[in-house]
Structure formats: structure tokens, C-alpha cells
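Chemist: So here's run_38.cif, just mmCIF, C-alpha atoms and all ligand atoms:
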```
data_structure
loop_
_atom_site.label_atom_id
_atom_site.label_comp_id
_atom_site.auth_asym_id
_atom_site.auth_seq_id
_atom_site.Cartn_x
_atom_site.Cartn_y
_atom_site.Cartn_z
CA MET A 494 0.00 0.00 0.00
CA HIS A 495 1.52 3.31 -1.00
CA GLY A 496 1.01 6.41 1.13
CA THR A 497 -1.65 9.01 0.42
CA ARG A 498 -0.67 12.16 -1.39
CA LYS A 499 -2.10 15.49 -0.51
CA GLN A 500 -3.71 17.48 -3.24
CA ARG A 501 -1.44 20.02 -4.90
CA LYS A 502 -2.83 23.28 -6.11
CA GLY A 503 -0.26 23.85 -8.82
CA ILE A 504 1.42 26.96 -10.08
CA THR A 505 -1.39 29.35 -9.14
CA HIS A 506 -0.78 28.44 -5.50
CA ILE A 507 2.75 29.75 -5.85
CA LEU A 508 1.98 32.79 -7.97
CA PHE A 509 -1.26 33.96 -6.36
CA PRO A 510 0.28 35.79 -3.35
CA LEU A 511 2.33 37.87 -5.77
CA PHE A 512 -0.81 39.78 -6.64
CA GLY A 513 -0.66 40.94 -3.04
CA ASN A 514 2.88 42.20 -3.66
CA ARG A 515 4.55 39.56 -1.58
CA VAL A 516 6.44 36.39 -2.36
CA PRO A 517 5.21 33.09 -0.93
CA GLY A 518 7.33 32.44 2.14
CA GLN A 519 10.04 29.89 2.53
CA LEU A 520 11.58 28.52 5.71
CA ILE A 521 14.69 26.37 5.88
CA ILE A 522 15.10 24.63 9.20
CA GLN A 523 18.44 23.10 9.96
CA TYR A 524 17.17 20.30 12.15
CA THR A 525 20.63 19.16 13.14
CA ASP A 526 24.26 19.89 12.44
CA LYS A 527 25.21 16.30 13.22
CA CYS A 528 26.56 14.43 10.23
CA ASN A 529 28.21 11.13 9.38
CA ALA A 530 29.88 12.12 6.10
CA ARG A 531 33.32 13.54 5.33
CA CYS A 532 32.66 16.04 2.54
CA PRO A 533 35.83 18.13 2.22
CA GLN A 534 33.79 21.16 1.12
CA CYS A 535 31.66 21.31 4.28
CA GLY A 536 32.26 22.69 7.76
CA MET A 537 29.94 20.09 9.34
CA ARG A 538 31.77 16.97 8.20
CA VAL A 539 32.17 14.33 10.86
CA THR A 540 35.86 15.06 11.27
CA GLU A 541 35.22 18.67 12.36
CA HIS A 542 35.22 19.05 16.13
CA PHE A 543 32.54 21.34 17.51
CA SER A 544 29.61 20.92 19.81
CA ARG A 545 26.76 19.43 17.74
CA SER A 546 23.06 20.15 18.18
CA LYS A 547 19.59 18.98 17.23
CA LEU A 548 16.38 20.95 17.50
CA ASP A 549 13.54 19.76 19.65
CA ILE A 550 10.55 18.37 17.74
CA GLU A 551 7.91 20.34 19.67
CA THR A 552 9.86 23.55 19.19
CA VAL A 553 9.94 22.93 15.46
CA LYS A 554 6.18 22.38 15.43
CA ARG A 555 5.82 25.87 16.93
CA MET A 556 7.89 27.22 14.07
CA ILE A 557 5.73 25.38 11.55
CA ASP A 558 2.53 26.80 13.05
CA HIS A 559 3.93 30.33 12.82
CA ALA A 560 5.17 29.68 9.28
CA ALA A 561 1.76 28.45 8.12
CA GLU A 562 0.03 31.46 9.72
CA ASN A 563 2.34 33.81 7.82
CA GLY A 564 2.03 32.49 4.30
CA VAL A 565 5.05 30.19 4.21
CA ASN A 566 4.30 27.48 1.69
CA ALA A 567 7.78 26.00 1.21
CA LEU A 568 9.55 24.31 4.10
CA SER A 569 12.89 22.50 4.01
CA PHE A 570 14.55 20.37 6.62
CA THR A 571 18.27 20.38 6.18
CA GLY A 572 21.28 19.30 8.20
CA GLY A 573 23.86 18.03 8.87
CA GLU A 574 22.29 14.78 7.88
CA PRO A 575 18.52 15.01 8.42
CA PHE A 576 18.03 11.26 7.94
CA LEU A 577 19.93 10.54 11.15
CA PHE A 578 16.56 11.55 12.62
CA PHE A 579 14.32 10.03 9.99
CA ASP A 580 11.26 9.46 12.18
CA ASP A 581 11.37 13.02 13.55
CA ILE A 582 11.68 14.50 10.07
CA MET A 583 8.78 12.45 8.69
CA GLU A 584 6.62 13.44 11.65
CA LEU A 585 7.44 17.11 11.02
CA VAL A 586 6.78 16.82 7.27
CA THR A 587 3.38 15.33 8.03
CA TYR A 588 2.73 18.08 10.57
CA ALA A 589 3.66 20.75 8.03
CA GLY A 590 1.37 19.23 5.39
CA ASP A 591 -1.49 19.15 7.89
CA ALA A 592 -0.78 22.82 8.68
CA GLY A 593 -1.23 23.64 4.98
CA ILE A 594 2.40 23.89 3.87
CA LYS A 595 2.46 22.20 0.50
CA TYR A 596 6.06 22.25 -0.62
CA THR A 597 8.06 20.25 1.88
CA ARG A 598 11.60 19.19 1.17
CA THR A 599 14.29 17.17 2.83
CA GLY A 600 17.12 14.98 1.74
CA THR A 601 20.11 12.88 2.55
CA ASN A 602 23.78 12.33 1.89
CA GLY A 603 22.73 8.77 1.06
CA PHE A 604 24.43 6.92 3.92
CA MET A 605 21.54 4.44 4.04
CA PHE A 606 22.38 3.31 0.50
CA MET A 607 25.74 1.91 1.56
CA ASN A 608 26.19 -1.86 1.63
CA PRO A 609 23.69 -2.54 -1.17
CA SER A 610 24.61 -6.24 -1.24
CA THR A 611 23.51 -6.99 2.30
CA PRO A 612 20.39 -9.20 2.53
CA ASP A 613 18.31 -6.57 4.31
CA PHE A 614 19.03 -3.76 1.81
CA ASN A 615 15.68 -3.94 0.04
CA SER A 616 13.66 -4.11 3.22
CA ARG A 617 15.61 -1.16 4.67
CA ILE A 618 14.87 0.95 1.61
CA ARG A 619 11.22 -0.09 1.59
CA ARG A 620 10.84 1.08 5.17
CA ILE A 621 12.23 4.48 4.19
CA ALA A 622 10.03 4.65 1.09
CA GLU A 623 6.95 3.81 3.13
CA GLY A 624 7.80 6.57 5.62
CA ILE A 625 8.33 9.16 2.90
CA ALA A 626 5.22 8.16 1.00
CA ALA A 627 3.06 8.34 4.12
CA SER A 628 4.44 11.76 5.08
CA GLY A 629 3.39 13.46 1.83
CA LEU A 630 6.93 14.84 1.33
CA TYR A 631 7.03 16.86 -1.89
CA THR A 632 10.76 16.80 -2.65
CA PHE A 633 13.26 14.18 -1.55
CA TRP A 634 16.82 15.01 -2.54
CA ILE A 635 19.91 12.83 -2.59
CA SER A 636 23.19 14.75 -2.67
CA ILE A 637 25.77 13.81 -5.28
CA ASP A 638 29.03 15.68 -5.76
CA SER A 639 30.57 14.13 -8.85
CA ALA A 640 29.62 12.28 -12.02
CA VAL A 641 32.39 9.82 -11.15
CA PRO A 642 31.05 7.37 -8.55
CA ALA A 643 34.40 6.58 -6.92
CA LEU A 644 35.21 10.26 -6.54
CA HIS A 645 31.81 11.07 -5.04
CA GLU A 646 32.13 8.19 -2.58
CA GLN A 647 35.66 9.18 -1.65
CA MET A 648 34.64 12.82 -1.10
CA ARG A 649 31.66 11.84 1.04
CA GLY A 650 33.40 8.95 2.78
CA LEU A 651 30.43 6.75 1.89
CA PRO A 652 31.66 3.69 -0.04
CA GLY A 653 29.21 1.81 -2.26
CA VAL A 654 26.58 4.53 -2.04
CA ILE A 655 26.15 5.05 -5.80
CA GLU A 656 25.44 1.37 -6.43
CA GLY A 657 22.94 1.53 -3.57
CA ILE A 658 21.21 4.58 -5.05
CA GLU A 659 20.87 2.81 -8.40
CA LYS A 660 19.32 -0.15 -6.65
CA ALA A 661 17.05 1.99 -4.48
CA LEU A 662 15.56 4.30 -7.12
CA PRO A 663 13.24 1.66 -8.67
CA ILE A 664 12.06 0.77 -5.17
CA PHE A 665 11.20 4.41 -4.50
CA GLY A 666 9.45 4.46 -7.88
CA GLU A 667 7.14 1.66 -6.71
CA TYR A 668 6.01 4.01 -3.95
CA GLY A 669 5.51 6.97 -6.28
CA ILE A 670 8.66 8.74 -5.04
CA TYR A 671 10.96 10.40 -7.58
CA PRO A 672 14.03 11.71 -5.77
CA SER A 673 16.05 14.63 -7.01
CA ALA A 674 19.81 14.29 -7.55
CA ASN A 675 21.27 17.36 -5.89
CA LEU A 676 24.59 18.39 -7.28
CA GLY A 677 26.63 20.60 -5.01
CA ILE A 678 28.66 22.30 -7.72
CA ASN A 679 32.38 21.91 -7.03
CA ARG A 680 35.58 21.55 -9.00
CA ASN A 681 35.25 17.75 -9.03
CA THR A 682 31.77 17.76 -10.61
CA GLY A 683 32.97 15.96 -13.74
CA GLY A 684 35.95 14.13 -12.20
CA VAL A 685 39.19 15.28 -10.62
CA PHE A 686 39.60 18.92 -11.65
CA GLU A 687 42.56 19.30 -13.96
CA ALA A 688 41.65 22.31 -16.08
CA GLY A 689 43.92 25.34 -16.13
CA THR A 690 42.95 28.72 -14.81
CA SER A 691 41.89 30.59 -17.93
CA SER A 692 38.20 31.34 -18.38
CA ALA A 693 38.09 29.24 -21.55
CA GLN A 694 39.63 26.24 -19.75
CA ILE A 695 37.26 26.54 -16.81
CA TYR A 696 34.28 26.93 -19.14
CA ASP A 697 35.23 23.84 -21.20
CA SER A 698 35.88 21.80 -18.11
CA PHE A 699 32.53 22.66 -16.49
CA ARG A 700 30.63 22.35 -19.74
CA LYS A 701 31.81 18.75 -19.99
CA ALA A 702 31.36 18.19 -16.27
CA PHE A 703 27.70 19.26 -16.23
CA GLY A 704 26.91 17.15 -19.29
CA LYS A 705 28.62 14.18 -17.68
CA PHE A 706 26.73 14.77 -14.45
CA TYR A 707 23.31 14.98 -16.11
CA SER A 708 24.06 11.83 -18.14
CA ALA A 709 25.18 10.00 -15.01
CA ALA A 710 22.02 11.07 -13.13
CA ILE A 711 19.82 9.82 -15.99
CA ASP A 712 21.74 6.53 -16.16
CA LEU A 713 21.30 6.01 -12.43
CA GLY A 714 17.54 6.40 -12.83
CA PHE A 715 16.95 9.92 -11.53
CA THR A 716 14.17 11.94 -13.15
CA ILE A 717 14.83 15.26 -11.35
CA VAL A 718 18.10 17.06 -10.87
CA ASN A 719 19.03 20.28 -9.13
CA ALA A 720 22.24 22.23 -8.82
CA CYS A 721 23.35 23.83 -5.57
CA TYR A 722 25.57 26.77 -6.38
CA PRO A 723 28.92 26.77 -4.60
CA MET A 724 28.45 27.48 -0.88
CA SER A 725 31.52 29.63 -0.72
CA ILE A 726 32.04 33.16 0.37
CA ASP A 727 34.12 35.01 -2.21
CA ALA A 728 37.70 34.69 -1.01
CA ASP A 729 38.57 38.01 -2.69
CA ASP A 730 35.65 39.88 -1.24
CA PRO A 731 33.83 38.34 1.73
CA GLY A 732 31.83 41.54 2.23
CA GLU A 733 29.78 41.53 5.40
CA LEU A 734 28.93 37.86 5.22
CA SER A 735 29.47 35.71 8.26
CA ALA A 736 27.94 32.29 7.72
CA VAL A 737 25.84 30.71 10.41
CA TYR A 738 25.16 27.66 8.22
CA GLY A 739 28.09 25.26 8.48
CA ALA A 740 27.61 23.99 4.92
CA THR A 741 29.55 27.03 3.75
CA SER A 742 33.27 26.56 3.43
CA GLU A 743 36.54 28.07 2.37
CA ALA A 744 37.66 24.83 0.72
CA SER A 745 39.31 25.43 -2.66
CA LEU A 746 36.95 22.84 -4.16
CA ILE A 747 34.12 25.36 -3.98
CA GLN A 748 36.02 28.64 -3.96
CA PHE A 749 35.38 30.66 -7.09
CA THR A 750 36.13 34.28 -7.82
CA LYS A 751 33.34 36.40 -9.26
CA GLU A 752 34.79 35.95 -12.74
CA GLU A 753 34.99 32.17 -12.28
CA ARG A 754 31.42 32.04 -11.01
CA ALA A 755 30.21 33.79 -14.14
CA VAL A 756 32.08 31.23 -16.25
CA VAL A 757 30.74 28.24 -14.28
CA PHE A 758 27.19 29.60 -14.48
CA SER A 759 27.61 30.18 -18.23
CA ALA A 760 28.68 26.55 -18.68
CA LEU A 761 25.61 25.39 -16.75
CA PHE A 762 23.33 27.79 -18.65
CA ASP A 763 24.59 26.38 -21.96
CA THR A 764 24.39 22.72 -20.87
CA ILE A 765 20.82 22.69 -19.54
CA PRO A 766 19.05 22.90 -22.95
CA GLU A 767 20.77 19.69 -24.08
CA TYR A 768 19.33 17.66 -21.21
CA ARG A 769 16.11 19.25 -20.02
CA SER A 770 13.89 17.10 -22.22
CA LYS A 771 15.49 13.96 -20.73
CA ILE A 772 15.46 14.85 -17.05
CA ARG A 773 13.59 17.50 -15.08
CA ILE A 774 16.21 20.15 -14.34
CA PHE A 775 15.12 22.47 -11.57
CA THR A 776 17.82 25.14 -12.12
CA PRO A 777 16.08 28.18 -13.70
CA ARG A 778 18.14 29.64 -16.54
CA THR A 779 16.74 33.08 -15.67
CA SER A 780 18.59 32.85 -12.41
CA LEU A 781 21.85 31.87 -14.11
CA HIS A 782 21.41 34.68 -16.64
CA SER A 783 20.98 37.19 -13.83
CA LEU A 784 23.90 35.92 -11.79
CA ILE A 785 26.17 35.96 -14.83
CA ARG A 786 25.16 39.53 -15.52
CA GLN A 787 25.56 40.47 -11.87
CA TYR A 788 29.13 39.17 -11.89
CA THR A 789 30.16 40.57 -15.27
CA LEU A 790 28.25 43.70 -16.20
CA GLU A 791 25.98 45.06 -13.53
CA PRO A 792 26.36 44.22 -9.82
CA GLY A 793 22.78 45.36 -9.13
CA TYR A 794 21.19 43.56 -12.08
CA SER A 795 19.63 40.51 -10.47
CA TYR A 796 16.40 40.70 -8.51
CA SER A 797 17.13 41.32 -4.87
CA CYS A 798 17.04 38.22 -2.68
CA ARG A 799 13.99 37.69 -0.46
CA GLY A 800 16.17 36.37 2.40
CA GLY A 801 15.05 38.10 5.59
CA ILE A 802 11.83 39.35 3.96
CA GLU A 803 9.82 36.23 3.16
CA PHE A 804 12.62 33.61 3.29
CA PHE A 805 14.33 32.54 6.53
CA PHE A 806 16.82 30.10 7.95
CA VAL A 807 16.70 28.53 11.41
CA ASN A 808 20.03 27.43 12.81
CA ALA A 809 20.28 24.15 14.73
CA GLY A 810 23.02 25.45 17.02
CA ASP A 811 21.06 28.21 18.77
CA GLY A 812 17.55 27.59 17.42
CA ASN A 813 17.40 31.19 16.19
CA THR A 814 16.22 32.63 12.90
CA TYR A 815 18.46 34.37 10.36
CA PRO A 816 17.70 35.99 7.00
CA CYS A 817 19.62 33.09 5.45
CA GLY A 818 22.51 30.76 6.15
CA TYR A 819 25.05 33.42 5.29
CA ARG A 820 23.98 36.37 7.43
CA GLY A 821 25.00 35.12 10.84
CA THR A 822 25.22 38.60 12.30
CA ASP A 823 21.50 39.29 11.66
CA ASN A 824 19.93 37.24 14.43
CA LEU A 825 16.13 37.59 14.17
CA GLY A 826 15.41 35.56 17.31
CA LYS A 827 12.88 32.79 17.72
CA PHE A 828 10.90 32.14 14.59
CA TRP A 829 7.54 31.96 16.34
CA GLU A 830 8.12 35.49 17.68
CA LEU A 831 9.00 36.95 14.30
CA ASP A 832 6.65 39.74 13.23
CA PHE A 833 6.62 39.55 9.43
CA GLU A 834 4.96 42.96 9.20
CA LYS A 835 7.89 44.68 10.89
CA LEU A 836 10.51 43.40 8.47
CA ASP A 837 12.06 45.80 6.00
CA LYS A 838 10.35 44.76 2.75
CA LYS A 839 12.62 46.96 0.67
CA ALA A 840 15.91 45.56 1.98
CA GLN A 841 18.29 44.64 -0.82
CA CYS A 842 20.79 41.80 -0.77
CA ARG A 843 22.74 40.08 -3.55
CA ARG A 844 25.72 39.05 -1.51
CA CYS A 845 25.78 35.33 -2.24
CA ASP A 846 24.48 32.73 -4.70
CA TRP A 847 22.55 30.48 -2.32
CA GLU A 848 20.21 28.93 -4.88
CA CYS A 849 17.57 28.02 -2.28
CA PHE A 850 16.87 31.73 -1.95
CA ARG A 851 18.29 33.23 -5.14
CA ASP A 852 16.41 30.98 -7.60
CA PRO A 853 12.91 31.64 -6.20
CA SER A 854 13.77 35.34 -5.78
CA GLU A 855 14.64 35.54 -9.46
CA LEU A 856 11.58 33.59 -10.52
CA SER A 857 9.21 35.74 -8.49
CA GLY A 858 11.02 39.03 -9.23
CA PRO A 859 9.30 39.88 -12.53
CA LEU A 860 5.81 39.30 -11.15
CA LEU A 861 6.57 41.21 -7.99
CA THR A 862 7.72 44.23 -9.98
CA LEU A 863 4.91 43.87 -12.52
CA PHE A 864 2.31 44.23 -9.75
CA GLY A 865 4.32 46.46 -7.42
CA ASN A 866 6.13 48.78 -9.80
CA PRO A 867 4.92 48.39 -13.41
CA ALA A 868 7.12 51.24 -14.69
CA PHE A 869 10.23 49.55 -13.33
CA PHE A 870 9.06 46.23 -14.81
CA LEU A 871 8.69 47.79 -18.24
CA LYS A 872 12.08 49.46 -17.99
CA ARG A 873 13.72 46.13 -17.23
CA VAL A 874 11.93 44.34 -20.04
CA LEU A 875 13.03 46.98 -22.55
CA LYS A 876 16.55 47.03 -21.19
CA ASP A 877 17.10 43.28 -21.40
CA PRO A 878 14.50 41.51 -23.59
CA PRO A 879 16.30 38.12 -23.38
CA HIS A 880 15.66 38.05 -19.64
CA ILE A 881 11.87 38.09 -19.90
CA LYS A 882 12.03 35.54 -22.72
CA LEU A 883 14.07 33.24 -20.50
CA TRP A 884 11.69 33.83 -17.62
CA LEU A 885 8.67 32.87 -19.70
CA GLU A 886 10.54 29.79 -20.90
CA ASP A 887 11.34 28.82 -17.29
CA ILE A 888 7.69 29.22 -16.29
CA ARG A 889 6.59 27.02 -19.20
CA TYR A 890 9.25 24.47 -18.28
CA PHE A 891 8.23 24.45 -14.61
CA ALA A 892 4.66 23.78 -15.72
CA ALA A 893 5.84 20.96 -18.03
CA CYS A 894 7.69 19.50 -15.02
CA ASN A 895 4.53 19.70 -12.91
CA LEU A 896 6.41 22.05 -10.55
CA PHE A 897 9.01 19.35 -9.93
CA ASP A 898 6.55 17.36 -7.93
CA GLY A 899 8.69 14.56 -6.58
CA ARG A 900 5.59 12.39 -6.27
CA THR A 901 4.69 12.25 -9.94
CA PRO A 902 6.66 10.69 -12.78
CA PRO A 903 8.00 12.90 -15.56
CA ASP A 904 5.75 13.58 -18.53
CA TYR A 905 8.28 13.09 -21.34
CA ARG A 906 5.73 14.16 -23.94
CA LYS A 907 5.56 17.61 -22.33
CA LEU A 908 9.33 17.71 -21.79
CA SER A 909 9.91 16.90 -25.48
CA ALA A 910 8.80 20.46 -26.30
CA PHE A 911 12.13 21.52 -24.77
CA ALA A 912 14.33 19.18 -26.82
CA PRO A 913 17.17 20.92 -28.68
CA GLU A 914 16.30 21.64 -32.30
S1 LIG B 1001 27.68 18.44 2.88
FE1 LIG B 1001 26.03 17.48 4.04
S2 LIG B 1001 26.61 15.32 4.09
FE2 LIG B 1001 28.46 16.46 3.58
S3 LIG B 1001 29.48 16.81 5.55
FE3 LIG B 1001 28.17 18.61 5.09
S4 LIG B 1001 26.25 18.23 6.13
FE4 LIG B 1001 27.35 16.27 5.98
S1 LIG B 1002 21.66 37.00 -1.28
FE1 LIG B 1002 20.02 36.07 -0.03
S2 LIG B 1002 20.90 34.16 0.69
FE2 LIG B 1002 22.62 35.46 -0.01
S3 LIG B 1002 23.35 36.63 1.77
FE3 LIG B 1002 21.78 37.89 0.79
S4 LIG B 1002 19.83 37.36 1.82
FE4 LIG B 1002 21.33 35.75 2.25
#
```
Can you turn what I pasted into C-alpha cells?
Ligand code: SF4
Ligand code: SF4
Modeler:
Amino acid sequence: MHGTRKQRKGITHILFPLFGNRVPGQLIIQYTDKCNARCPQCGMRVTEHFSRSKLDIETVKRMIDHAAENGVNALSFTGGEPFLFFDDIMELVTYAGDAGIKYTRTGTNGFMFMNPSTPDFNSRIRRIAEGIAASGLYTFWISIDSAVPALHEQMRGLPGVIEGIEKALPIFGEYGIYPSANLGINRNTGGVFEAGTSSAQIYDSFRKAFGKFYSAAIDLGFTIVNACYPMSIDADDPGELSAVYGATSEASLIQFTKEERAVVFSALFDTIPEYRSKIRIFTPRTSLHSLIRQYTLEPGYSYSCRGGIEFFFVNAGDGNTYPCGYRGTDNLGKFWELDFEKLDKKAQCRRCDWECFRDPSELSGPLLTLFGNPAFFLKRVLKDPPHIKLWLEDIRYFAACNLFDGRTPPDYRKLSAFAPE
């Protein structure tokens, strides 16, 4: 028996609040900073010594209640490794769904996919699938760092995990669960990074790497893929950022200058059209277009991030709320005490590339300005016509992907409209 699925209201549910000149809210709760992996690009890897924490389940329910009352309709549980507390997370996902929050997300480093040859592997995965299916979870991500299995496993310190994922995906499919492969972009995305330092070399290397990654994800059996932009703070110009989220790092694997970021994003922008009819690619090209332009031509070009306005991050360490994982000096206190009306709605921030916040900010930006400041909207459209064309294309693609609903299979007939000519 597969779990029940709550009714989804579709794209209007996401876009409707924009008519009220606000973006649907998003809350990312770091449930724990405990982790069992060794990712060299992460400050929370198991080899780092610091006092680890986990939030209390009843406290998180209070946050969820407040989120639902204030128009939050996207809720993520991140870590650390959230699946170390699988039962808690599923209970909270169910609670959020019951409170009316439709778009729930959580994921794993995949530790449970190790040892795929052991006799109890299938039953272990079925138990997880049953839990996810029953919870109504909208998006289930599995993190993957490289198209090369051995390199991914070595980076994560999780041997055998890729074979386990390949074996587990059809089992999840039986339960109507279509996980997303989450690529944390890093220099080893396509294999050990050997390219030189010129822009052309970096572009070529990442162009191949992204293609290799998408092909590998399809071959493994994934039907959704997402890219997490490098969680680094610009080594040349850290600005006022002081990360509270330990997933940020100064590791060279994910350190990119502004110029390099623009090149990496260009490579991704150019690769997506080759693969988006074969696998649902969440990464909006509008967002990449804006970030490229922000880093090359116009620092203020992209739509300002909604972090601290409608999007928030709760830190496992102190249980407090921050505008995002990067602004650790802006402590907003307990989430259930946060007065959304008192927040500065006009605050501007473009200081990092955290896709969790930057992608939805870019996608909602045109509608927000259309309804809030039509003259400004028109000025932007006339100034950069390709942007609005890309935006419309992204919206059509999101619709063809059924809003990346991780509980429905891909509709390849709809996706075929996006095949390269
Ligand atoms: S990236 Fe995730 S899995 Fe890897 S060490 Fe950090 S928290 Fe753990
Ligand atoms: S751009 Fe958004 S996510 Fe990045 S530092 Fe600013 S508010 Fe935070």
C-alpha cells in the first residue's frame, strides 16, 4: 500500500500571493548539524570538532505553526544529515502538510544506500520509502558531488553509495517517489579537476562536467536534478557575510572568484538545454542569466534576494532565525516570535548565490515588480528583452515538469517540447 498524497494546487498556488505584492514564504530549518559524512567542502563533516546540536521536535512544530500562519508554503529540513533523525523529520513533514504547507523538502547524503549487497538492503529501503510516502513529502533530494562514482564516494566517505542509489531508485518508484539528484557544484563535478585557470579552460571543463553529471544522473535512474551553487564566500571579497550555516566553506573545491562564477554559471546555462527534455532540471536559466550579468556587467542587475523578507533560515546550534545561512550577524530571534509585518520589505541583498533563496527570488522578481512597480518592470523588459524571454521559458518548463513534484513521474511528452532543435 503506498502512502496518500495530498492534493497540490499547482502553479497558481505559488503565484497567487504575488498579486498581493509579496512572495510566498520559505523557511529552511536546519534540524541538526550532526553528520556522518566527510565532505571536504563542508564545515559540518564528521571530522570537524565542535559541539553538535539537534532541535527539539515540539519547538519545530511551533515554528511550523507560525510559518503556516504567515504564508510560508515552502519548508525545508536540512542538516547536517537530516536522515539521522528520519522518524522526527517524517513526523514534522506530516505536521507541516497538515498545517497547509504544500512544498516540503528534505534529503540525505545517502548513507543508508551503503552496503547494497547486504540481505536486508531492500527491506531497509522499503521502510524508508513507506515513511516518505506516508508523510506526503514533496521533494526528496539525494546529494551527489561528482559524475564519477568513486570520486563522489571518496569525497563523502560513503563507499558503495552510488550502487545503492541505483538499486534503491526503482524501489522508490514503486512508492511513487521520484528523488532529485542534488549536485553541489564543485571543481570535481565531472571528475578530478585538472583544467587550467583561464576562463576558456574553466568553461570547457565545467561544460563537460555538467553534461557528464546529467548523463550519469539519468543513467542512475533519476528523473529530477538540481544544482546547488557553490556554498563559498568570495575569497577576494567576503563583504559583510558571516555564515551561520556550516555547509559554507573556504575549501578550494568550492572557492570561485566572481569571474569564475560567471564562467561556471555560463557553462551550466549552456548545458541545460541539451538535457532538459530527458530529465527535469530544476535550475532556472533566468537565475543563471541574472547571476552571470551580476558578476560581469551590472552588480545590481539581479532581482534582490527575499532572504530576511519572506525567506528565513533557522540554525540548529542556537535555534534562532536568520535571513539566510550566510547572514549570521543578523539574528532575528525565535521564529515563532518573528513579526513579518515589521521586516524591512525593501531591503536589498545580492551578496551570495545560495540557490535556495536566489532561484525563487529571481523567478518571483518579474511578477513582484509587474504588480508592485509596473514602470520599473517595463524598464527592465526593454533594457534586457532576453531576460523576460528566459523567464517565460522557465515558467513554461516548470509547468511541463509539474512544478518538480517529486511524487509524480515525468511527462516526457511535455518535456519533449524543450528538446534541442
Ligand atoms: S555536505 Fe552534508 S553530508 Fe556532507 S558533511 Fe556537510 S552536512 Fe554532511
Ligand atoms: S543574497 Fe540572499 S541568501 Fe545570499 S546573503 Fe543575501 S539574503 Fe542571504
Chemist: Which one of A:Ser909, A:Asn813, A:Ser636, A:Asn681 sits closest to ligand LIG 1001 (chain B) if you count all atoms listed in the file?
Modeler: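 Ranking A:Ser909, A:Asn813, A:Ser636, A:Asn681 by distance to ligand LIG 1001 (chain B), first place goes to A:Ser636.
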Chemist: For a test of reading the model, state the distance in Å between atom CA of Glu574 of chain A and atom CA of Cys528 of chain A, rounded to one decimal.
Modeler: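 Computing it gives 4.9 Å between the two atoms.
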Chemist: Any residue with an atom at most 6 Å from ligand LIG 1002 (chain B) counts, using only C-alpha atoms and all ligand atoms. Which are they? Put them as a list in words.
Modeler: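 Those within range of ligand LIG 1002 (chain B) are Cys798, Gly800, Pro816, Cys817, Tyr819, Arg820, Cys842, Arg843, Arg844, Cys845, Asp846, Trp847 and Phe850 of chain A.
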Chemist: May I ask which of the residues A:Phe614, A:Phe715, A:Phe911, A:Phe543 is the closest one to Phe633 of chain A, counting only C-alpha atoms?
Modeler: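 Counting only C-alpha atoms, the residue closest to Phe633 of chain A is A:Phe715.
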Chemist: What are the closest atom pairs, with distances in Å to one decimal, for all residues of chain A lying within 8 Å of ligand LIG 1001 (chain B)? Consider only C-alpha atoms and all ligand atoms, order rows by chain and residue number, and present the result as JSON lines.
Modeler:
```
{"residue": "A:Asp526", "atom": "CA", "partner": "B:LIG1001", "partner_atom": "S4", "distance": 6.8}
{"residue": "A:Lys527", "atom": "CA", "partner": "B:LIG1001", "partner_atom": "S4", "distance": 7.4}
{"residue": "A:Cys528", "atom": "CA", "partner": "B:LIG1001", "partner_atom": "FE4", "distance": 4.7}
{"residue": "A:Asn529", "atom": "CA", "partner": "B:LIG1001", "partner_atom": "FE4", "distance": 6.2}
{"residue": "A:Ala530", "atom": "CA", "partner": "B:LIG1001", "partner_atom": "S3", "distance": 4.7}
{"residue": "A:Arg531", "atom": "CA", "partner": "B:LIG1001", "partner_atom": "S3", "distance": 5.0}
{"residue": "A:Cys532", "atom": "CA", "partner": "B:LIG1001", "partner_atom": "FE2", "distance": 4.3}
{"residue": "A:Pro533", "atom": "CA", "partner": "B:LIG1001", "partner_atom": "S3", "distance": 7.3}
{"residue": "A:Gln534", "atom": "CA", "partner": "B:LIG1001", "partner_atom": "S1", "distance": 6.9}
{"residue": "A:Cys535", "atom": "CA", "partner": "B:LIG1001", "partner_atom": "FE3", "distance": 4.5}
{"residue": "A:Gly536", "atom": "CA", "partner": "B:LIG1001", "partner_atom": "FE3", "distance": 6.4}
{"residue": "A:Met537", "atom": "CA", "partner": "B:LIG1001", "partner_atom": "FE3", "distance": 4.8}
{"residue": "A:Arg538", "atom": "CA", "partner": "B:LIG1001", "partner_atom": "S3", "distance": 3.5}
{"residue": "A:Val539", "atom": "CA", "partner": "B:LIG1001", "partner_atom": "S3", "distance": 6.4}
{"residue": "A:Gly572", "atom": "CA", "partner": "B:LIG1001", "partner_atom": "S4", "distance": 5.5}
{"residue": "A:Gly573", "atom": "CA", "partner": "B:LIG1001", "partner_atom": "S4", "distance": 3.6}
{"residue": "A:Glu574", "atom": "CA", "partner": "B:LIG1001", "partner_atom": "S4", "distance": 5.5}
{"residue": "A:Thr601", "atom": "CA", "partner": "B:LIG1001", "partner_atom": "S2", "distance": 7.1}
{"residue": "A:Asn602", "atom": "CA", "partner": "B:LIG1001", "partner_atom": "S2", "distance": 4.7}
{"residue": "A:Ser636", "atom": "CA", "partner": "B:LIG1001", "partner_atom": "S2", "distance": 7.6}
{"residue": "A:Arg649", "atom": "CA", "partner": "B:LIG1001", "partner_atom": "FE2", "distance": 6.2}
{"residue": "A:Gly739", "atom": "CA", "partner": "B:LIG1001", "partner_atom": "FE3", "distance": 7.5}
{"residue": "A:Ala740", "atom": "CA", "partner": "B:LIG1001", "partner_atom": "FE3", "distance": 5.4}
```
